[in-house]
Each structure stands twice: as C-alpha cells, then as structure tokens.
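Participant: This is the structure, below, for whatever I ask next.
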Protein chains: 2
Amino acid sequence: MSVTAPDGFRAGGVTAGLKSAGPDVALLVNDGPSDVAAAVFTRNRCKANPVLWSEQVLQDRRAKAVLLNSGGANCYTGPEGFRTTHANAELVAERLGTGAIDVVVCSTGLIGEQLDREKMTTGIEAAVGALAADAGTAAAEAIMTTDTHSKEVVRSGDGYSVGGMAKGAGMLAPALATMLVVVTTDADVDADTADRALREATRRTFDRLDSDGCMSTNDTVLLLCSGASGTRPDEAEFTARLTDACHDLAQQLLGDAEGAEHDIAIEVTGAASEDDAVTVGRAIARSNLFKTAVYGRDPNWGRILAAVGTTDAVFEPDALDVAVNGVWICRAGGPGEPRDAVDLGDRAVTVTVDLKAGGESATIWTNDLTHAYVHENSAYST
Amino acid sequence: MSVTAPDGFRAGGVTAGLKSAGPDVALLVNDGPSDVAAAVFTRNRCKANPVLWSEQVLQDRRAKAVLLNSGGANCYTGPEGFRTTHANAELVAERLGTGAIDVVVCSTGLIGEQLDREKMTTGIEAAVGALAADAGTAAAEAIMTTDTHSKEVVRSGDGYSVGGMAKGAGMLAPALATMLVVVTTDADVDADTADRALREATRRTFDRLDSDGCMSTNDTVLLLCSGASGTRPDEAEFTARLTDACHDLAQQLLGDAEGAEHDIAIEVTGAASEDDAVTVGRAIARSNLFKTAVYGRDPNWGRILAAVGTTDAVFEPDALDVAVNGVWICRAGGPGEPRDAVDLGDRAVTVTVDLKAGGESATIWTNDLTHAYVHENSAYST
C-alpha cells in the first residue's frame, strides 16, 4: 500500500520500456482536499533537470501530483533535458485537469543521456489509466533501479496515517544520493508545519545515512498532505510519526546498499554538540580504511581513531573510548579489551565512540566497503 | 644513494626482527657542519608517539639524526609508547655523542601495539655500527612496509645536491598518510629558508596526493641540511629543486599505491583561485564512484560533475567542461565528444576539469578503487 495507505491518494505504476525490464513509470495523485507539500532536494550544485523543475513546483509549497521514472536520470542533459521534464509535467497536468506547476517530477537512472520522450508519453498515458487507491506497491516497484526489493512503509497516527516509498540501493550520501522518497499523509497539516516536520525528519534519518560519501544529483524527499482524514495532529506528534516512517525507509535503504555485507551504526556519544557528534560519525563513515576493515571482520579501532583525528570536534586524543559491538577495545586512546572478543559475523555492526567532551550524541549509518561494491560500481555505468 | 648522495650524511639500514622479514630499522646522521632541519607532520589530531616526540625535536629547527623503523607505528600506545620513543632517541643520542632532543624518530607499521623495546635496542646498536656514507639505499629499504620497492631520488643543484627517500604504498592522503619522507641536502640553508622551502614543496606535491582520502597518524616529511657543500643557493632555485625532488618521490608513491591499476592526475583549470582548484580536485579524488568507474575503464563524466557539485568553488554548472585523456566528453555541463573515444587502457589517466571561472589551476593525484585495494585493506591489519 505504502503511499496510497493514507486517504486521498491514488497511484499507478507501469512499464514504458525505459529500463530493459520491469515497471519504470509511476504516478501519484493527491486528491485532497488539501494539496500542501514539502520537499528536501539534493544539496549538490550540479542538479538534474527534474530537481531544477521540482524546486520551482514546490515554491508555493503545494503539489497535486508526482511523476516518477526509473531508467534515466535526465541529469546533465542541458536545456533539451529540461524541456523533456517540462513537457512530461504538462502532459500529466493536462490529463489530471490541473497545472504543470503543480506536478513534481523525479527521475533516476543513467546520467548524461536524454530521456526518451515517446516512451515517457506512453508511460504517462498508461499510468494515468492505471491510477488506483490501492496501487502504492506498483508505484514503489516502478522507481526501483538496482534495488533488490521495493521499500515501503505505513504508520498509523491518532486519526490519520503516514505512508511512504523509497528507492536507492547505493550511492547514498548525507545529502541524499540518487534516493527518491515520497511520503504521504492524510493528516491536515499546514505548509509551515509540513516543511518543519519534513526537515526535522530527514535531518535525523536520510541525512545521517552515508553509504559511500557520494552526493547524488537527483535526490528528492517529498511529503504530500491530503488532509482527507480531517485530523489536524499536534506538530510534535506528527513530526515523531513522520521521523519514524523516514527512519524505517532509511534502514531499508541501508539494508539494500549495493554490495554491502554489514550495516554499520556509528554512535557518537559524549560530544560537546550534536554537530560534533555528526561530524565525527561522518568522518568514520567516510573512511575507506575503516569500511574495508569491517568487511574483513577486523575491529580495527586504530582506523576509527585516525578518522576521528581528522575532525575539528571537541575532544582530547588520549581520552577517547571506542567500542565495537559493545566491546570497549579502545580505552583512553590506547588498547582496551582484547579485539578477539568482538564478533563481526552478523550483518548489524555498532561502533560507539565516546568523545568525553559533553552530553550530546548522534548516530550515522553506513555500510562496509566490499568487493561487490567495487564490482557493481566499476562494471556498470550509472 | 638517495639520502646519502649529498655530502655530510651517513646512513644505515638493518634487520631487527620487528617485521616478519627484511630490514626494519634505519638511521640517518647529519655530520654537518650545519644541523638545520625542517619538518611537516600529519595534521591528524590523533598523532602517533614518534610524531609527538619529533614535533618537540624540531622546535629549534635543528636535528642531528633520524631514527626510523617499520614493523610498528607506536601509535595509540599511550604513555608507555611515548617512553619507548624517548628511550630509543636517548640510545641513539648516546651512541652518537649528542642529545636526545636532536634525534627525530619516525615509525610505521601496525597501530595500537607496543613497539618491542629489546628489538629496537638491538636494531639501533646494529644501525650505528652500519653507518656509512653510501648506505642510503639500505636505509630506504628498511622503512618499507607494503611498498613493493624502495623510493629514492637524487637531484643536482648548482654546487649542491638534494637526496631523498620515502615509504608509503597506500593510505596516502592530502595531509600525508603513513608516509615517511626524508630529504637531505648539502646546501647551506638557514632555518627560515629550509622551513619555507619544505612547506612550499610539500604543499604542491605530497599534499596533493590523495590515494584514499584517509589521513594517517604518523606522516612525517623531514628536510635535513648539512651545509657540507659550502654553497648557499638562491631560495627560489633551492625551492624549485626541492619541489622537483618531492614531486618525483610523490609520483613513486602514487605508482606503488596499494592495489591501484591507474594513476590519475586531476587537473583543474579555469578556477577563480588555486584553493578552488585544489578543493574541486580533491572532491573528485575522494569520490568512490569516480574511482571505481576508472577501475572499470568507464569515462563516467557524470560522476565527475556530481563530485564537482559538492564543492563551494566558484563555477556555473552549465559551463563545466570535462576531458578524460584529452577527449572533451562533457561540454557546458552536458554530453560532448563520444565516450568511446576515450581509452583507459594505460595506467596513466588525466582528467581535466575546466571551471570557466578564472585563470588559476592545480593538479591532484589519486588512484582508482580496485578489488585489490579492498582485498589488501580488508585482509590485513594496519
């Protein structure tokens, strides 16, 4: 169900031939009564055409539909690529009886190549025809690229619900990497609240996912609010529910990262500030030496300290404690419990770094760096 | 010859059993008449004990000897490890008839483990006995870890010479990663000149080498000046000669990077500032997606643009041009010449990014990300 679980939404997922196999065009329509929307886009300055378009759509913080496709990112395709995005939005708008400026567009797939306009036209017509209130899963499947399964979530609030879908099996990065996420709700939420809630939810979930440190060109996280439940939730409660749904999707993305054998949670505690904790966690998550060590099942705390030492966070080197899966193998910047006590056989790995500098903390999630990662990213163009 | 090519230097390289095989302790003595020295150390805040020690030695910008060992980094080994470094320097000083505070110490190898004091004592005694004016190569061999060959250089100036040795087969990073470099000269250079010349030389060579983005804990680049030639060179000429020697050593390090199949020069031109050029080059050098693409012989300019887009350099996304091995496959932020025209069969790869924002430029050197890199760094502790 995912995005169609909340009332007021219809979706469709169809096959237009953009990919070599499988569905590749999805459409999501918000039937209201509200059309409040919020979005977070990639911070990459070299953005794809659909991002440049959708930033315009979201300026009034309203949207009536989202067109998504896999099989082509329409990125670095110049003015011609932008015209393709615009034309696709126009066609959707015409079929739905609304304006193109109310139609968000998201694309994922190969970059540097034009998107096939004819196939998109065929796909859009088919997707409009397929629109249904129970087709959330079909839409979620149509946005998959190298994902091994679709990612969906549903959460129930008090008198409303939240649903979501996501794609992204790799190339995840702090500022979101070709990751497309659409979250829907039938709660009655005003535009300011929706914006604040989505920013807070992404800040603590997708933004703390750092699979390979690379920042994509097409990343988009959307929140559409239909208001169909008639329930206006408390902002804090709504934000918590939304964060919970985003966390669930983020963990699904992490678990499906290209070629990964370990999902690694890096908990940084004892930080002087939350920013310090995030900075330290990200530095560790981006250390190829640390990530290859985890792949080799080696609890190499020296590589962790070396990564911590590259940051400007508040800490004293000879005060640092590090645990891997609960075993404190580094104490006061030197050897602690024996490394042999650490078992890295399971997929889930937790690294804890205590900076001994304050009471703040944060968790960053990443994956190990494996032969399969190198294979997938060297053998295929993306 | 390397470090003993200039007059006034003796070296020794011996086997002390710190490594499973091969020589592992080196000693270099500056017999003067000058004992001017300069150094650049890792910017990692979690430094190894020999770095903490040597920073003190260099405070008066003079040094009479350098003790180096492979087979143990003496890093994250706490106060006991610092006492080991100090004791080793004391022993060298006693044998040479000088003070411990004139003895620089450099270590490389496993981190988080104490260095064997008995073996070090044996090694130091043997190295003192082996000191000779033609043993530069023996010293260069004794500092190798996973290096497949020793790295040495000699350059002749007008009435003086420059010699150098280096180790580091991977873990290279902008701020130098377990990379040890010792450069000697018999030029008569004052401390201020030596310091300025070394900083300028490293800034444009070792500091622009970014193999895997990881910053090591033990990195040290030393310059020792004996003054034995009696020649006082022009500062600009001396700096150029030193930079040339450092460039040669840096390229040797690059060519021996762990598991690499390609040496990649990233030339950033048309930058508004040299800092911008360096920032952009480094962002590309740190993109695992770009590095795996090169390994796969895929001239993936989209991944290059995506890396450029993560920086705050001055540029317009739709003005960027990118060439790989001379073929401009990206023009104005979109497709240019056909990708097929690019041949990535050779080890040497040149990526050129024209930011179209000014007249400054810089080159960053890196390697591709290969299966062998993952293997070497996951299968072995370092």
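So you can find residues: chains in the structure tokens are A, B, ... in the order shown, residues in each start at 1, and ligands are numbered from 1 in order.
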Could you list, as an NGL selection string, every residue of chain A that has an atom within 6 Å of an atom of chain B, counting only C-alpha atoms?

Facilitator: :A and (44-46 or 76-78 or 292-293 or 296 or 309-310 or 317 or 333-334 or 371 or 374 or 377-379)

Participant: Contacts of Ala187 in chain A at 8 Å or less, counting only C-alpha atoms, minus same-chain residues fewer than 6 places along, as a count of residues only?

Facilitator: 12

Participant: I'd like the contact shell of Gly129 in chain B - 10 Å cut-off, only C-alpha atoms, skipping same-chain residues fewer than 4 positions apart - returned as an MDAnalysis selection string.

Facilitator: chainID B and resid 12:14 95 123:125

Participant: Report as a JSON list (two decimals) with N, CA, C and O atoms, in the first residue's frame all protein, DNA and RNA residues lying within 12 Å of Glu118 in chain A, evaluated on only C-alpha atoms, omitting residues in the same chain fewer than 3 positions from it.

Facilitator:
```json
[["chain", "number", "residue", "atom", "x", "y", "z"],
["A", 16, "ALA", "N", 7.12, 1.28, -19.30],
["A", 16, "ALA", "CA", 7.19, 2.11, -20.51],
["A", 16, "ALA", "C", 8.40, 1.78, -21.36],
["A", 16, "ALA", "O", 8.63, 2.41, -22.39],
["A", 17, "GLY", "N", 9.20, 0.83, -20.93],
["A", 17, "GLY", "CA", 10.35, 0.43, -21.73],
["A", 17, "GLY", "C", 11.59, 1.29, -21.56],
["A", 17, "GLY", "O", 12.53, 1.21, -22.35],
["A", 18, "LEU", "N", 11.62, 2.13, -20.52],
["A", 18, "LEU", "CA", 12.82, 2.94, -20.27],
["A", 18, "LEU", "C", 13.94, 2.07, -19.74],
["A", 18, "LEU", "O", 15.11, 2.30, -20.01],
["A", 84, "THR", "N", 12.19, 18.31, -21.73],
["A", 84, "THR", "CA", 11.55, 16.99, -21.58],
["A", 84, "THR", "C", 10.80, 16.91, -20.24],
["A", 84, "THR", "O", 9.64, 16.49, -20.20],
["A", 87, "ALA", "N", 7.72, 19.11, -20.47],
["A", 87, "ALA", "CA", 6.68, 18.51, -21.33],
["A", 87, "ALA", "C", 5.97, 17.37, -20.62],
["A", 87, "ALA", "O", 4.73, 17.22, -20.72],
["A", 88, "ASN", "N", 6.74, 16.57, -19.88],
["A", 88, "ASN", "CA", 6.12, 15.47, -19.14],
["A", 88, "ASN", "C", 5.17, 15.99, -18.06],
["A", 88, "ASN", "O", 4.08, 15.44, -17.87],
["A", 91, "LEU", "N", 1.96, 17.17, -19.69],
["A", 91, "LEU", "CA", 1.08, 16.07, -20.10],
["A", 91, "LEU", "C", 0.32, 15.51, -18.89],
["A", 91, "LEU", "O", -0.89, 15.27, -18.97],
["A", 114, "GLN", "N", 19.77, 11.67, -22.73],
["A", 114, "GLN", "CA", 18.41, 12.19, -22.83],
["A", 114, "GLN", "C", 17.40, 11.10, -22.50],
["A", 114, "GLN", "O", 17.61, 9.94, -22.82],
["A", 115, "LEU", "N", 16.32, 11.52, -21.87],
["A", 115, "LEU", "CA", 15.22, 10.62, -21.56],
["A", 115, "LEU", "C", 14.36, 10.49, -22.83],
["A", 115, "LEU", "O", 14.07, 11.49, -23.48],
["A", 121, "THR", "N", 5.86, 9.56, -22.83],
["A", 121, "THR", "CA", 4.47, 9.88, -23.17],
["A", 121, "THR", "C", 3.59, 8.64, -23.03],
["A", 121, "THR", "O", 2.52, 8.68, -22.40],
["A", 122, "THR", "N", 4.05, 7.55, -23.60],
["A", 122, "THR", "CA", 3.32, 6.28, -23.48],
["A", 122, "THR", "C", 3.14, 5.90, -22.01],
["A", 122, "THR", "O", 2.05, 5.50, -21.57],
["A", 123, "GLY", "N", 4.21, 6.04, -21.27],
["A", 123, "GLY", "CA", 4.18, 5.67, -19.86],
["A", 123, "GLY", "C", 3.21, 6.53, -19.06],
["A", 123, "GLY", "O", 2.47, 6.03, -18.21],
["A", 124, "ILE", "N", 3.22, 7.83, -19.34],
["A", 124, "ILE", "CA", 2.33, 8.74, -18.60],
["A", 124, "ILE", "C", 0.87, 8.40, -18.88],
["A", 124, "ILE", "O", 0.04, 8.32, -17.97],
["A", 125, "GLU", "N", 0.55, 8.18, -20.16],
["A", 125, "GLU", "CA", -0.83, 7.84, -20.52],
["A", 125, "GLU", "C", -1.26, 6.56, -19.79],
["A", 125, "GLU", "O", -2.35, 6.47, -19.22]]
```

Participant: Using only C-alpha atoms, determine which residues lie at most 8 Å from Ala341 in chain A, disregarding the query and same-chain residues fewer than 3 positions distant; provide the list as a PyMOL selection string.

Facilitator: chain A and resi 327+337-338

Participant: Using DSSP on the backbone coordinates, identify all residues within range 177-352 of chain B classified as strand (DSSP E or B); present the result as JSON, numbers by chain.

Facilitator: {"B": [180, 181, 182, 183, 184, 185, 209, 220, 221, 222, 223, 224, 225, 263, 264, 265, 266, 267, 268, 269, 270, 271, 321, 322, 323, 324, 327, 328, 329, 330, 331, 334, 335, 348, 349, 350, 351, 352]}

Participant: Can you write out the residues you just picked, keeping C-alpha atoms, as a short mmCIF file (atom, residue, chain, number, x, y, z; two decimals), in the first residue's frame?

Facilitator:
```
data_model
loop_
_atom_site.label_atom_id
_atom_site.label_comp_id
_atom_site.auth_asym_id
_atom_site.auth_seq_id
_atom_site.Cartn_x
_atom_site.Cartn_y
_atom_site.Cartn_z
CA LEU B 180 57.60 8.89 5.77
CA VAL B 181 59.84 11.10 3.69
CA VAL B 182 63.37 12.24 4.46
CA VAL B 183 65.08 14.69 2.15
CA THR B 184 68.69 15.71 2.62
CA THR B 185 70.82 18.44 1.12
CA LEU B 209 48.41 13.22 -3.36
CA THR B 220 56.35 12.98 8.53
CA VAL B 221 58.31 14.83 5.88
CA LEU B 222 61.76 15.89 7.01
CA LEU B 223 64.43 18.07 5.45
CA LEU B 224 67.97 17.91 6.84
CA CYS B 225 70.60 20.40 5.67
CA ASP B 263 47.47 6.68 -11.57
CA ILE B 264 45.07 9.56 -12.07
CA ALA B 265 46.09 13.20 -12.48
CA ILE B 266 43.13 15.51 -11.93
CA GLU B 267 43.90 18.87 -13.49
CA VAL B 268 41.50 21.62 -12.54
CA THR B 269 41.81 24.70 -14.73
CA GLY B 270 39.88 27.93 -15.12
CA ALA B 271 39.50 28.26 -11.36
CA ASP B 321 33.85 21.16 -19.48
CA VAL B 322 35.47 17.81 -18.66
CA ALA B 323 38.11 15.89 -20.62
CA VAL B 324 39.43 12.41 -19.92
CA VAL B 327 38.82 13.90 -25.06
CA TRP B 328 36.26 16.56 -24.07
CA ILE B 329 33.41 14.19 -23.25
CA CYS B 330 31.48 16.85 -21.32
CA ARG B 331 30.85 20.31 -22.72
CA GLY B 334 26.20 18.17 -20.90
CA PRO B 335 27.37 15.48 -23.31
CA ALA B 348 48.27 6.90 -16.55
CA VAL B 349 44.94 8.77 -16.67
CA THR B 350 44.45 12.51 -16.91
CA VAL B 351 41.14 14.15 -16.03
CA THR B 352 40.81 17.82 -16.88
#
```

Participant: Hey, which of A:Lys19, A:His262, A:Arg204, A:Arg199 ends up closest to Thr146 in chain A? Count only C-alpha atoms.

Facilitator: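 That would be A:Lys19, the residue with the smallest distance to Thr146 in chain A.
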
Participant: If you run DSSP on this backbone, which residues of range 57-288 of chain A come out as helix (DSSP H, G or I), and could you give them as number ranges by chain?

Facilitator: A: 57-60, 78-96, 100-102, 117-130, 136-142, 191-204, 206-208, 235-255, 274-285, 288

Participant: With only C-alpha atoms as the counted atoms, please give the residues lying no more than 10 Å from Asp147 in chain A, apart from itself and same-chain residues fewer than 5 positions off, as a PyMOL selection string.

Facilitator: chain A and resi 141+166-170+253+256-258
